[in-house]
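Undergrad: Sharing data-v2.txt (compact mmCIF, C-alpha atoms) below.
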```
# COMPACT_ATOMS: atom_id res chain seq x y z
CA MET A 1 8.76 9.02 14.55
CA ALA A 2 11.00 8.53 11.51
CA GLU A 3 10.17 10.38 8.33
CA LEU A 4 8.55 8.40 5.55
CA LYS A 5 10.72 10.06 2.91
CA ASN A 6 13.73 8.08 4.17
CA LEU A 7 11.79 4.88 3.51
CA ASN A 8 11.50 5.74 -0.18
CA ASP A 9 15.14 6.71 -0.71
CA THR A 10 15.70 5.33 -4.23
CA SER A 11 19.37 6.28 -4.16
CA LEU A 12 20.07 2.99 -2.35
CA PRO A 13 21.14 0.10 -4.63
CA LEU A 14 18.59 -2.71 -4.91
CA VAL A 15 18.44 -6.03 -6.76
CA TRP A 16 15.15 -7.28 -8.26
CA LYS A 17 14.85 -11.05 -8.77
CA TYR A 18 12.17 -13.09 -10.52
CA LYS A 19 12.34 -16.57 -12.00
CA PRO A 20 9.26 -18.51 -13.15
CA GLY A 21 8.55 -21.82 -11.47
CA PHE A 22 8.00 -22.96 -7.90
CA VAL A 23 10.48 -22.34 -5.09
CA ASP A 24 10.55 -24.63 -2.06
CA TYR A 25 9.70 -22.66 1.08
CA LEU A 26 12.65 -23.88 3.17
CA GLU A 27 15.00 -23.05 0.31
CA ALA A 28 13.52 -19.54 0.11
CA LEU A 29 13.83 -19.15 3.87
CA SER A 30 17.51 -20.13 3.78
CA ILE A 31 18.24 -17.70 0.93
CA MET A 32 16.43 -14.90 2.74
CA GLU A 33 18.39 -15.51 5.94
CA THR A 34 21.68 -15.44 4.03
CA THR A 35 20.70 -12.29 2.14
CA VAL A 36 19.58 -10.46 5.27
CA ARG A 37 22.83 -11.35 7.03
CA SER A 38 24.86 -10.13 4.05
CA ILE A 39 22.94 -6.84 3.88
CA ARG A 40 23.45 -6.31 7.59
CA GLN A 41 27.09 -7.40 7.90
CA GLU A 42 28.59 -6.78 4.47
CA GLY A 43 26.50 -3.97 3.04
CA THR A 44 25.43 -6.02 0.01
CA PRO A 45 22.58 -4.55 -2.09
CA GLU A 46 19.04 -4.78 -0.83
CA THR A 47 16.93 -7.39 -2.60
CA ILE A 48 13.32 -7.90 -3.68
CA TRP A 49 12.51 -11.45 -4.75
CA CYS A 50 9.28 -12.41 -6.56
CA LEU A 51 8.28 -16.06 -6.74
CA GLU A 52 5.63 -18.75 -6.39
CA HIS A 53 5.54 -21.52 -3.81
CA PRO A 54 3.96 -24.95 -4.08
CA SER A 55 0.93 -25.28 -1.79
CA ILE A 56 1.85 -24.66 1.86
CA PHE A 57 0.53 -23.02 5.01
CA THR A 58 2.68 -20.67 7.08
CA ALA A 59 2.05 -19.42 10.60
CA GLY A 60 3.21 -16.08 11.94
CA THR A 61 4.12 -15.14 15.48
CA SER A 62 0.47 -14.36 16.38
CA SER A 63 -0.99 -17.60 15.00
CA LYS A 64 -3.30 -19.80 17.05
CA ASP A 65 -3.30 -23.57 16.66
CA GLU A 66 -7.09 -23.68 16.46
CA HIS A 67 -6.95 -21.53 13.33
CA LEU A 68 -5.41 -24.42 11.39
CA LEU A 69 -8.57 -26.28 10.42
CA ASN A 70 -7.35 -28.70 7.74
CA ASN A 71 -3.90 -28.71 6.16
CA PHE A 72 -5.11 -30.80 3.16
CA GLY A 73 -1.82 -32.71 3.43
CA PHE A 74 0.21 -29.58 2.65
CA PRO A 75 3.32 -28.71 4.69
CA VAL A 76 2.82 -26.29 7.57
CA TYR A 77 5.72 -23.98 8.49
CA TYR A 78 5.96 -21.90 11.64
CA THR A 79 7.86 -18.73 10.82
CA GLY A 80 9.21 -15.67 12.58
CA ARG A 81 7.20 -13.20 10.53
CA GLY A 82 4.36 -11.14 11.92
CA GLY A 83 0.74 -12.11 11.47
CA GLN A 84 -1.17 -15.37 11.70
CA PHE A 85 -1.90 -18.28 9.34
CA THR A 86 -1.85 -17.80 5.58
CA TYR A 87 -1.77 -19.99 2.50
CA HIS A 88 0.76 -19.85 -0.35
CA GLY A 89 0.42 -21.76 -3.58
CA PRO A 90 0.37 -21.79 -7.38
CA GLY A 91 -1.25 -18.72 -8.89
CA GLN A 92 -0.18 -16.47 -6.03
CA LEU A 93 2.65 -13.94 -6.31
CA VAL A 94 4.88 -13.89 -3.23
CA VAL A 95 7.21 -10.92 -2.83
CA TYR A 96 10.05 -11.19 -0.32
CA ILE A 97 11.46 -7.77 0.54
CA MET A 98 14.89 -7.45 2.14
CA LEU A 99 15.58 -3.78 2.87
CA ASP A 100 17.85 -1.99 5.32
CA ILE A 101 15.19 -0.12 7.29
CA ASN A 102 17.98 1.30 9.45
CA LYS A 103 18.86 3.47 6.43
CA ARG A 104 15.20 4.18 5.67
CA GLY A 105 13.97 5.71 8.90
CA ARG A 106 13.44 2.83 11.39
CA ASP A 107 9.65 3.11 11.20
CA ILE A 108 7.92 -0.26 10.90
CA LYS A 109 4.42 1.21 10.63
CA ALA A 110 5.57 3.49 7.80
CA TYR A 111 7.22 0.51 6.12
CA VAL A 112 4.05 -1.62 6.23
CA ASN A 113 2.02 1.37 5.04
CA ALA A 114 4.42 1.79 2.10
CA LEU A 115 4.00 -1.89 1.19
CA GLU A 116 0.23 -1.53 1.23
CA HIS A 117 0.30 1.55 -0.98
CA TRP A 118 2.67 -0.23 -3.35
CA VAL A 119 0.14 -3.04 -3.83
CA ILE A 120 -2.70 -0.52 -4.22
CA ASN A 121 -0.79 1.26 -7.00
CA CYS A 122 0.01 -2.03 -8.71
CA LEU A 123 -3.58 -3.24 -8.69
CA LYS A 124 -4.79 0.05 -10.17
CA TYR A 125 -3.08 -1.06 -13.40
CA PHE A 126 -5.55 -3.95 -13.53
CA ASP A 127 -8.58 -1.81 -12.62
CA ILE A 128 -8.77 -3.32 -9.15
CA ARG A 129 -9.58 -0.93 -6.33
CA ALA A 130 -7.78 -2.30 -3.28
CA GLU A 131 -8.09 -0.49 0.02
CA GLN A 132 -6.54 -0.42 3.47
CA ARG A 133 -8.63 -1.09 6.54
CA LEU A 134 -7.93 0.30 10.00
CA GLY A 135 -6.80 -2.47 12.32
CA ARG A 136 -6.40 -5.00 9.48
CA VAL A 137 -3.06 -5.45 7.72
CA GLY A 138 -3.35 -6.28 4.03
CA LEU A 139 -5.47 -5.07 1.12
CA TRP A 140 -9.21 -5.45 0.66
CA VAL A 141 -11.66 -5.34 -2.22
CA THR A 142 -15.37 -4.54 -1.75
CA SER A 143 -17.67 -6.44 -4.09
CA GLN A 144 -20.85 -5.05 -5.64
CA ASN A 145 -22.89 -6.65 -2.85
CA LYS A 146 -20.73 -4.84 -0.26
CA ILE A 147 -18.77 -7.89 0.86
CA GLU A 148 -15.15 -7.18 1.83
CA GLU A 149 -12.61 -9.76 0.70
CA LYS A 150 -8.84 -9.86 1.08
CA ILE A 151 -6.72 -9.89 -2.06
CA ALA A 152 -3.23 -9.34 -0.60
CA SER A 153 -1.56 -10.28 2.68
CA ILE A 154 1.43 -8.73 4.42
CA GLY A 155 3.67 -10.32 7.05
CA VAL A 156 7.11 -8.92 7.79
CA ARG A 157 10.02 -9.62 10.08
CA MET A 158 12.93 -7.42 11.16
CA THR A 159 16.42 -8.60 12.06
CA ARG A 160 18.47 -5.71 13.37
CA TRP A 161 16.40 -3.39 11.19
CA VAL A 162 16.77 -5.42 8.00
CA SER A 163 13.37 -6.54 6.73
CA TRP A 164 12.45 -9.93 5.33
CA HIS A 165 9.38 -11.97 4.43
CA GLY A 166 6.91 -9.56 2.79
CA LEU A 167 3.62 -9.86 0.94
CA SER A 168 1.49 -12.05 -1.30
CA ILE A 169 -1.11 -11.22 -3.96
CA ASN A 170 -3.85 -13.63 -5.03
CA ILE A 171 -3.93 -13.83 -8.82
CA ALA A 172 -5.39 -17.24 -9.60
CA PRO A 173 -4.75 -19.57 -6.65
CA ASP A 174 -7.18 -22.30 -5.61
CA LEU A 175 -9.18 -20.25 -3.10
CA THR A 176 -10.70 -23.39 -1.55
CA HIS A 177 -7.32 -24.03 0.07
CA PHE A 178 -7.89 -20.99 2.27
CA ASN A 179 -10.71 -23.01 3.86
CA GLY A 180 -8.02 -24.95 5.70
CA ILE A 181 -7.26 -21.98 7.93
CA VAL A 182 -8.79 -18.92 9.52
CA PRO A 183 -6.87 -16.53 7.24
CA CYS A 184 -4.97 -13.98 9.32
CA GLY A 185 -7.33 -14.76 12.20
CA ILE A 186 -10.29 -13.07 10.49
CA THR A 187 -13.57 -14.99 10.22
CA GLU A 188 -16.02 -12.31 9.10
CA HIS A 189 -14.44 -11.52 5.72
CA GLY A 190 -13.57 -13.64 2.69
CA ILE A 191 -10.68 -14.08 0.27
CA THR A 192 -10.64 -12.96 -3.35
CA SER A 193 -8.31 -12.99 -6.34
CA PHE A 194 -7.85 -11.50 -9.80
CA GLU A 195 -9.55 -14.60 -11.21
CA LYS A 196 -12.55 -14.35 -8.88
CA LEU A 197 -12.92 -10.68 -9.88
CA GLY A 198 -12.98 -11.71 -13.53
CA ILE A 199 -9.57 -10.23 -14.34
CA LYS A 200 -7.12 -12.29 -16.37
CA ALA A 201 -3.44 -11.86 -15.49
CA THR A 202 -0.42 -14.06 -14.93
CA VAL A 203 1.96 -14.07 -12.00
CA GLU A 204 4.69 -12.82 -14.33
CA GLU A 205 2.54 -9.92 -15.54
CA VAL A 206 1.72 -8.83 -12.00
CA GLN A 207 5.34 -9.00 -10.86
CA SER A 208 6.26 -6.84 -13.86
CA VAL A 209 3.81 -4.16 -12.71
CA MET A 210 5.10 -4.50 -9.14
CA TYR A 211 8.53 -3.69 -10.56
CA LYS A 212 7.21 -0.64 -12.42
CA THR A 213 5.44 0.71 -9.33
CA CYS A 214 8.09 -0.21 -6.74
CA PRO A 215 8.77 2.83 -4.52
CA PHE A 216 12.10 1.45 -3.29
CA LEU A 217 13.80 0.76 -6.63
CA LEU A 218 16.26 3.09 -8.33
CA LYS A 219 15.18 3.06 -11.97
CA PRO A 220 17.06 4.47 -14.98
```
Just give me the structure of the file as structure tokens.
TA:
Amino acid sequence: MAELKNLNDTSLPLVWKYKPGFVDYLEALSIMETTVRSIRQEGTPETIWCLEHPSIFTAGTSSKDEHLLNNFGFPVYYTGRGGQFTYHGPGQLVVYIMLDINKRGRDIKAYVNALEHWVINCLKYFDIRAEQRLGRVGLWVTSQNKIEEKIASIGVRMTRWVSWHGLSINIAPDLTHFNGIVPCGITEHGITSFEKLGIKATVEEVQSVMYKTCPFLLKP
């Protein structure tokens, strides 16, 4: 098994991108594909891209058609990432992560684990205790009445050991839109957000803390 320390090698150049406003999903997909190809073939810098999408549903490689209950008229995109159905929309930070995992140890489990710990460290800044759960990818918050609810989702894809797609964090999305799917195939747990937890934050503020806590970024 590859060593985790290679995954966090901050000597590798990396570009961080964020621009307020909504990005069309197909446009983002095209940009990711081009970036991944350039990283793989031309050695261009790795890239992390933070953004928001208009309301959409996306399906991963493990999705089941019966888990799409009602698309509310939103576009549905079938992707090559891991995982099942999820919702993206206003008030949710999406982070697309394009890293050369070939240079970082070739360990997908370690990579996903690093993403989860990154989100955990970010949410600590907002006094949110997010936790991992064995057998469930993503981050979970336990309410005072002991109900577990998901606050962040992770779905990644590898192309010749270059990662793409990534993660999403619920800040203030319309949580009723998650009723259109069985989120990540899980029926026994709910979905939460900063707003539902009573914590005020903007997408821009959360992406700023993601930057500060990023384990992959070479900082001055």
Undergrad: Using Å and a single decimal, report how far atom CA of Glu131 of chain A sits from atom CA of Thr192 of chain A.
TA: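 Atom-to-atom, atom CA of Thr192 of chain A and atom CA of Glu131 of chain A are spaced 13.2 Å apart.
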Undergrad: Residues at most 6 Å from segment 143-159 of chain A, counting only C-alpha atoms, excluding those fewer than 6 positions away in the same chain, as a list in words?
TA: Arg81, Gly82, Gly83, His165, Gly166, Leu167, Ser168, Ile169, Asn170, His189, Gly190, Ile191, Thr192 and Ser193 of chain A
Undergrad: How many Å lie between atom CA of Gln41 of chain A and atom CA of Trp161 of chain A, rounded to one decimal?
TA: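 Value for the atom CA of Gln41 of chain A-atom CA of Trp161 of chain A distance: 11.9 Å.
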Undergrad: From the list A:Thr176, A:Phe74, A:Phe216, A:Met98, which residue is nearest Thr34 of chain A when using only C-alpha atoms?
TA: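 Looking only at the distances to Thr34 of chain A, the closest residue turns out to be A:Met98.
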Undergrad: Identify which of the residues A:Lys17, A:Arg136, A:Ile39, A:Phe194 lies closest to Asp174 of chain A, counting all atoms listed in the file when measuring atom-to-atom distances.
TA: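 Checking each of A:Lys17, A:Arg136, A:Ile39, A:Phe194 against Asp174 of chain A, counting all atoms listed in the file, the winner is A:Phe194.
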Undergrad: My list of candidates is A:Pro45, A:His67, A:His177, A:His117. Which is closest to Trp140 of chain A when distances are computed with all atoms listed in the file?
TA: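 Smallest distance to Trp140 of chain A is found for A:His117.
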Undergrad: Name the closest residue to Gly180 of chain A among the candidates A:Ala59, A:Leu29, A:Leu69, A:Leu14; distances are taken between atoms, counting only C-alpha atoms.
TA: A:Leu69
Undergrad: For a quick check of understanding, using all atoms listed in the file, which of A:Asn113, A:Thr142, A:Thr47, A:Ser55 has the smallest distance to Gly73 of chain A?
TA: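 Of A:Asn113, A:Thr142, A:Thr47, A:Ser55, the one nearest Gly73 of chain A, counting all atoms listed in the file, is A:Ser55.
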Undergrad: As an exercise, work out the distance from atom CA of Gly198 of chain A to atom CA of Val141 of chain A in Å and give it to one decimal place.
TA: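 These atoms are spaced 13.0 Å apart.
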Undergrad: Once 3 Å is added on each side, what are the centre and the three edge lengths, in Å to one decimal, of the axis-aligned box enclosing the listed atoms of segment 66-75 of chain A? Present them as AutoDock Vina command-line options.
TA:
```
--center_x -2.6 --center_y -27.1 --center_z 9.6 --size_x 17.9 --size_y 17.2 --size_z 19.8
```
Undergrad: Of the residues A:Leu93, A:Leu217, A:Leu115, A:Ile108, which is the one nearest to Leu12 of chain A, using all atoms listed in the file?
TA: A:Leu217
